[in-house]
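Undergrad: Take a look at the following structure, please.
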Amino acid sequence: MRIPLIDGLLRRLGAGGSQTTDLQKWEAKHRQTIAADLKPIWQHLAEDLIFVDVGANIGLFSEAILEGRPKAKGFLFEPVKDMHSRCAARFGSDPRITLENFALGQESGQATIFKARYNPGGNSLVEELMFDKRDVSEVVENPDHESEEIQIEVFDDYAKSKGLDFVHFIKTDTEGFDYRVLQGMMGFLNACEPKPLILSELMSEEYHPFWADQAKVLQQLYDMGYGKVDMSNMEKVQDFLFVHKG
């Protein structure tokens with residue numbers, strides 16, 4: 001979520017606040033971010049939208065999609081057990097939603113995800129970011145972290161297992177892991193016609209410890225026909241919309 005691993009509000013809240021209160025305040029702030037992300041792209045989202053939400057967290061983004069497109073159908077991926085449970089409670093038995101309790105990446109297997117207690121949206125599989133000591137880091141000093149063992153699957157394999165060969169829209173928000181998520185989608189994207197819109201959270205060159213790997217994946221999108229995005233003056237963490245030229 002476009003709060004890299006922390007934002008000013010949650011920095012002030014600190015570890016001493018109520019977890020429930022923290023989450024409520026975070027929700028209120030994040031809803032504003034979601035509204036801003038969706039405002040310029042609603043016109044491109046079909047009424048019968050099929051979408052993928054990677055890093056679904058507690059389901060706020062997908063909830064906003066369904067409010068604007070009631071006929072939409074979503075495939076949601078959230079590996080953190082507590083967030084997945086909250087997401088499941090939000091949607092209940094809604095037939096429009098398929099919710100999975102694993103992460104997506106470029107290869108399947110077990111991994112450790114790091115969870116910052118001060119930011120409900122700051123769960124990351126990129127250990128180098130969560131314990132970043134560089135001057136450009138936005139992680140608080142002596143952050144209060146937990147970790148959890150989670151499962152990673154590859155979207156290409158998942159789509160085949162579900163008989164899914166087309167989606168309109170993909171959103172990824174995985175705190176520095178997005179390039180690996182996209183890498184695991186390349187087979188699907190190559191075969192998908194027309195190509196979906198992709199809204200992905202990216203990190204700047206001075207901030208992302210794996211910038212070169214991220215750049216290689218973006219080049220794959222460009223080679224596939226997606227228009228280039230201007231990252232020359234980007235924030236440390238910023239959402240970008242990839243639109244296929246076709």
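Order determines the names: the first chain of the structure tokens is A, the second B, and so forth; residues in each chain are numbered 1 upward, and ligands are numbered 1 upward as they are shown.
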From a DSSP pass on the backbone, collect the residues of region 4-206 of chain A flagged as strand (DSSP E) and hand them back as a PyMOL selection string.

TA: chain A and resi 50-54+73-77+97-100+103-105+109-116+145-154+169-172+197-203

Undergrad: Please provide the set of residues having any atom within 10 Å of Ile150 (chain A), restricted to only C-alpha atoms, with same-chain residues fewer than 3 positions apart removed, written as a PyMOL selection string.

TA: chain A and resi 78-81+101-103+109-113+125+147

Undergrad: Print the selection's residues with N, CA and C atoms to a file, as a short mmCIF file (atom, residue, chain, number, x, y, z; two decimals), in the first residue's frame.

TA:
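The new file selection00.cif reads:
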data_model
loop_
_atom_site.label_atom_id
_atom_site.label_comp_id
_atom_site.auth_asym_id
_atom_site.auth_seq_id
_atom_site.Cartn_x
_atom_site.Cartn_y
_atom_site.Cartn_z
N GLU A 78 -4.01 -13.20 -0.23
CA GLU A 78 -3.49 -12.60 1.01
C GLU A 78 -2.87 -13.70 1.88
N PRO A 79 -1.54 -13.67 2.06
CA PRO A 79 -0.87 -14.76 2.76
C PRO A 79 -0.89 -14.68 4.28
N VAL A 80 -1.02 -13.48 4.84
CA VAL A 80 -0.96 -13.32 6.30
C VAL A 80 -2.26 -13.81 6.92
N LYS A 81 -2.15 -14.72 7.87
CA LYS A 81 -3.32 -15.41 8.41
C LYS A 81 -4.37 -14.45 8.97
N ASN A 101 -5.35 -18.00 0.61
CA ASN A 101 -4.46 -17.70 1.74
C ASN A 101 -3.01 -18.06 1.40
N PHE A 102 -2.51 -17.47 0.32
CA PHE A 102 -1.09 -17.61 -0.02
C PHE A 102 -0.66 -16.40 -0.83
N ALA A 103 0.66 -16.23 -0.93
CA ALA A 103 1.24 -15.13 -1.71
C ALA A 103 1.47 -15.60 -3.13
N GLY A 109 6.77 -22.18 -3.03
CA GLY A 109 7.55 -22.64 -1.88
C GLY A 109 7.17 -21.92 -0.61
N GLN A 110 7.86 -22.24 0.46
CA GLN A 110 7.64 -21.60 1.75
C GLN A 110 8.52 -20.36 1.88
N ALA A 111 8.05 -19.38 2.62
CA ALA A 111 8.83 -18.16 2.83
C ALA A 111 8.41 -17.51 4.13
N THR A 112 9.22 -16.57 4.59
CA THR A 112 8.90 -15.82 5.81
C THR A 112 8.45 -14.43 5.41
N ILE A 113 7.30 -14.03 5.92
CA ILE A 113 6.82 -12.67 5.70
C ILE A 113 6.99 -11.90 7.01
N LEU A 125 7.67 -9.54 2.15
CA LEU A 125 8.53 -10.72 1.98
C LEU A 125 9.97 -10.32 1.72
N SER A 147 7.03 -12.22 12.56
CA SER A 147 7.20 -12.92 11.30
C SER A 147 6.24 -14.10 11.25
#

Undergrad: Could you build a table of the residues in region 139-235 of chain A lying no more than 6 Å from region 42-54 of chain A, giving for each the nearest pair of atoms and their separation in Å rounded to one decimal place, using only C-alpha atoms, ordered by chain and ascending residue number, as a Markdown table?

TA:
| residue | atom | partner | partner_atom | distance |
| --- | --- | --- | --- | --- |
| A:Val167 | CA | A:Ile50 | CA | 5.0 |
| A:His168 | CA | A:Ile50 | CA | 5.4 |
| A:Phe169 | CA | A:Phe51 | CA | 4.7 |
| A:Ile170 | CA | A:Val52 | CA | 4.7 |
| A:Lys171 | CA | A:Asp53 | CA | 5.0 |
| A:Thr172 | CA | A:Val54 | CA | 4.7 |

Undergrad: Looking at only C-alpha atoms, which of A:Thr174, A:Asn233, A:Ser108, A:Ser124 is the one that sits closest to Glu206 (chain A)?

TA: A:Asn233

Undergrad: Can you tell me how far CA of Pro194 (chain A) sits from CA of Trp211 (chain A), in Å to one decimal?

TA: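 So the answer is 28.5 Å.
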
Undergrad: Determine which residues of region 90-238 of chain A receive a DSSP assignment of alpha helix (DSSP H), computed from the backbone, and state them as an MDAnalysis selection string.

TA: chainID A and resid 90:91 127:130 155:162 178:183 186:191 211:223

Undergrad: Could you please take those selected residues and save C-alpha atoms as a tab-separated table (two decimals), in the first residue's frame?

TA:
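Produced file selection_17.tsv, reproduced below:
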chain	number	residue	atom	x	y	z
A	90	ARG	CA	-15.52	-8.84	5.10
A	91	PHE	CA	-16.76	-10.80	2.09
A	127	GLU	CA	13.61	-8.86	4.48
A	128	GLU	CA	16.14	-6.30	3.25
A	129	LEU	CA	13.43	-3.64	3.35
A	130	MET	CA	12.00	-4.51	6.73
A	155	PHE	CA	0.00	-17.16	-10.79
A	156	ASP	CA	0.68	-18.85	-14.13
A	157	ASP	CA	0.10	-22.23	-12.46
A	158	TYR	CA	-2.88	-20.98	-10.46
A	159	ALA	CA	-4.62	-19.59	-13.55
A	160	LYS	CA	-4.21	-22.92	-15.35
A	161	SER	CA	-5.65	-24.80	-12.37
A	162	LYS	CA	-8.69	-22.52	-12.37
A	178	ASP	CA	5.62	-6.82	-6.79
A	179	TYR	CA	8.26	-7.49	-9.44
A	180	ARG	CA	8.36	-11.14	-8.40
A	181	VAL	CA	4.57	-11.32	-8.50
A	182	LEU	CA	4.61	-9.94	-12.04
A	183	GLN	CA	7.40	-12.33	-13.05
A	186	MET	CA	4.35	-13.49	-17.54
A	187	GLY	CA	3.04	-16.67	-19.14
A	188	PHE	CA	-0.54	-15.67	-18.38
A	189	LEU	CA	0.00	-12.10	-19.59
A	190	ASN	CA	1.58	-13.25	-22.84
A	191	ALA	CA	-1.45	-15.44	-23.61
A	211	TRP	CA	15.88	-2.23	-8.37
A	212	ALA	CA	17.73	-3.95	-11.22
A	213	ASP	CA	15.50	-7.02	-10.94
A	214	GLN	CA	12.41	-4.81	-10.85
A	215	ALA	CA	13.64	-2.98	-13.97
A	216	LYS	CA	14.09	-6.28	-15.85
A	217	VAL	CA	10.51	-7.29	-15.16
A	218	LEU	CA	9.21	-3.90	-16.28
A	219	GLN	CA	11.18	-4.30	-19.50
A	220	GLN	CA	9.36	-7.58	-20.08
A	221	LEU	CA	6.07	-5.69	-19.84
A	222	TYR	CA	7.32	-3.08	-22.30
A	223	ASP	CA	8.50	-5.79	-24.69

Undergrad: Using only C-alpha atoms, can you tell me which of A:Lys245, A:Met83, A:Lys39, A:Glu205 comes closest to Ile65 (chain A)?

TA: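 Under the stated criterion, the closest residue is A:Lys39.
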